[in-house]
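Quick notes on the structure that follows.
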Amino acid sequence: MRHLILVLSFLLGMIFVAVSHGFAQDTLLNFDDVVFTEGQDTAVGASDDTLMEVPEDLEFTDGQDTAAAPMDAPTSVDTPAGTTDAPKSLWGIFVAGFLGGFLAILMPCIYPMIPLTVSFFTKRAETKGKGLRGALLYGLSIIVIYVLLGLLVTILFGASALNELATNGIFNLFIFAVLLIFGISFLGAFEITLPSSFVNTVDSKSDAKGLVGIFFMAATLAVVSFSCTGPIIGSVIVLVNQTGNYLGPVIGMFGFSLALALVFTVFAVFPNWLTSLPKSGGWLNSVKVVLGFLEIALALKFLSTADLVYHWRILDREVFLVLWIVIAALTGFYLLGKIKLSHDSDLPYVSLTRLFLAGGFFAFALYMVPGLWGAPLKIISGLVPPMHTQDFRAATFDQRPAAGTTVATGTAASMPAVKKYADIPLHVPNDIDGFLDYDEALTYARQVHKPLFLDFTGHGCVNCREMENNVWVDPPIDNLLRNEYIVVSLYTDERHELPQEEQFYSDVLKRQVNTVGKKFMHLQAARFNSISQPYYVLYSPEEELLVSPPIGAEFNKQKFLAYLEQGLKTFNEKQVQ
């Protein structure tokens with residue numbers, strides 16, 4: 001049973017990190033029921049009633065495709081077809097919080113308290129009915145306390161403000177430091193505790209009778225276990241706030257507290273089940289240390305985001321991978337007992353559970369090694385820095401047209417020797433010879449008579465990297481992007497300041513456009529009524545949609561290829577007319 005719980009803690013930790021990253025940056029769009037049609041005219045000269053305006057209270061998020069409302073109905077928000085609705089996003093937040101709650105139960109600060117709490121209820125209750133009622137109230141009190149914490153975070157900061165900070169370098173550095181401190185505390189360097197006077201005050205009130213006593217007993221659990229739950233709670237709140245969902249912190253804390261409440265309540269109702277639980281021991285600390293390593297690995301992702309946004313180049317792809325390889329290897333050696341921390345108990349032998357878990361970490365470390373020479377590492381491609389930050393690559397993408405491919409012909413034109421914004425530096429993914437500025441790409445597309453592939457992306461966009469490294473590289477898709485389309489990557493979170501003469505006030509964004517990112521964010525919101533990344537638009541040189549609606553993250557390669565082929569078909573038909 002103890003081995004089973006150790007395995008469960010490892011799996012929950014990996015799932016928690018994966019789920020958190022999945023919704024931390026962007027929400028996937030599902031286009032199973034979408035039928036692509038020829039696009040409608042969205043030219044610059046369109047009338048005012050075709051221009052969609054983003055309401056002032058609309059939150060700009062990385063990955064949540066939320067449409068703007070028309071000017072005559074500014075209080076409503078229409079969601080385009082294929083958009084993931086809010087309940088699905090909230091469900092992901094709830095699951096991440098719920099998994100975090102189960103992880104917290106396996107912490108040394110909480111696990112030993114389960115039999116103590118159950119004993120308290122069984123001895124205090126005069127009848128079985130009162131014991132059951134007390135246990136249920138205890139579980140409800142746990143939920144209320146943590147949900148109030150989530151509500152407090154929302155009131156103090158607001159989802160909108162925290163989402164604006166999601167790609168801010170200073171904010172990401174702060175989160176990196178916080179998670180790093182949490183991880184080091186899990187390794188046993190120190191404990192993050194609340195003031196003893198506060199703990200004693202809360203604990204003293206738990207002796208009261210009735211509902212008040214039960215509530216303060218739940219509060220005592222939250223306060224006393226803070227050294228273990230604090231890092232997990234902090235990780236949940238940080239990650240869910242990046243979704244930009246106003247209810248994110250509340251839903252995350254509800255999931256977290258529900259897991260805690262279920263365990264304590266169930267064992268209080270069925271105290272005989274306590275005999276099936278493994279005894280507390282050194283294995284609890286092993287769970288804590290493994291989570292400490294995972295916290296440190298997660299912290300590096302936030303440092304990487306800040307590094308990408310501000311182009312510091314202190315955490316290039318190979319440096320990031322080396323650090324993750326070392327962390328995975330250290331975790332493996334720790335599970336084998338080759339590394340012993342000061343607060344660890346003796347490990348007389350290595351169980352099969354530890355052996356297999358250590359093997360998993362070593363396998364993961366070996367998997368990442370080829371990435372040091374440029375291997376794509378598709379499993380984690382959305383988490384590691386993009387390929388263009390790699391200093392050395394043993395192989396590069398072939399930029400030649402595929403065999404048997406006829407490159408679209410038109411007016412002779414050569415690519416500009418120096419492209420706009422290439423000095424920032426920004427990059428078109430996969431070494432595609434494309435553009436980084438819309439106007440420059442449009443001019444070239446008109447010269448060569450080719451359609452545009454508008455790639456609205458971001459430095460900190462996880463799903464953007466997943467699309468580029470797993471979908472764009474598929475040979476038929478790669479061929480179309482290189483040879484049939486003019487690809488233009490528009491970074492909506494780029495902080496490089498625009499020249500004074502190019503700055504303007506955006507009536508759509510309700511803010512001053514003074515950076516390259518805001519310039520392209522304005523373009524996306526005003527032209528296409530969308531503020532999500534990734535967001536892919538097939539556009540004609542006459543500035544007309546070739547396929548409607550545009551799409552976001554679509555990991556089904558056949559569907560994405562069909563989208564590109566439909567755009568080419570529509571473009572060719574327009575040329576014949």
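Identifiers for the structure tokens are assigned positionally: chains receive A, B, ... in sequence, residues are indexed from 1 per chain, and ligands are indexed from 1 in the order shown.
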- Message: Can you tell me, as a PyMOL selection string, which residues in region 287-480 of chain A count as strand (DSSP E) by DSSP?
- Response: chain A and resi 452-457
- List every residue of region 342-523 of chain A that DSSP, applied to the backbone of this structure, places in helix (DSSP H, G or I), and write the result as a ChimeraX atom specification. /A:352-373,378-380,387-389,429-431,438-448,462-471,475-483,500-502,516-523
- In Å and to one decimal, CA of Leu538 (chain A) is distant from CA of Phe456 (chain A) by 11.4 Å
- Task: Considering only C-alpha atoms, return as a PyMOL selection string whatever protein or nucleic-acid residues lie within 12 Å of Gly255 (chain A), sequence-local ones (same chain, fewer than 4 positions apart) excluded.
- Result: chain A and resi 90-102+142-144+146-147+150+233+236-237+240+248-251+259-262
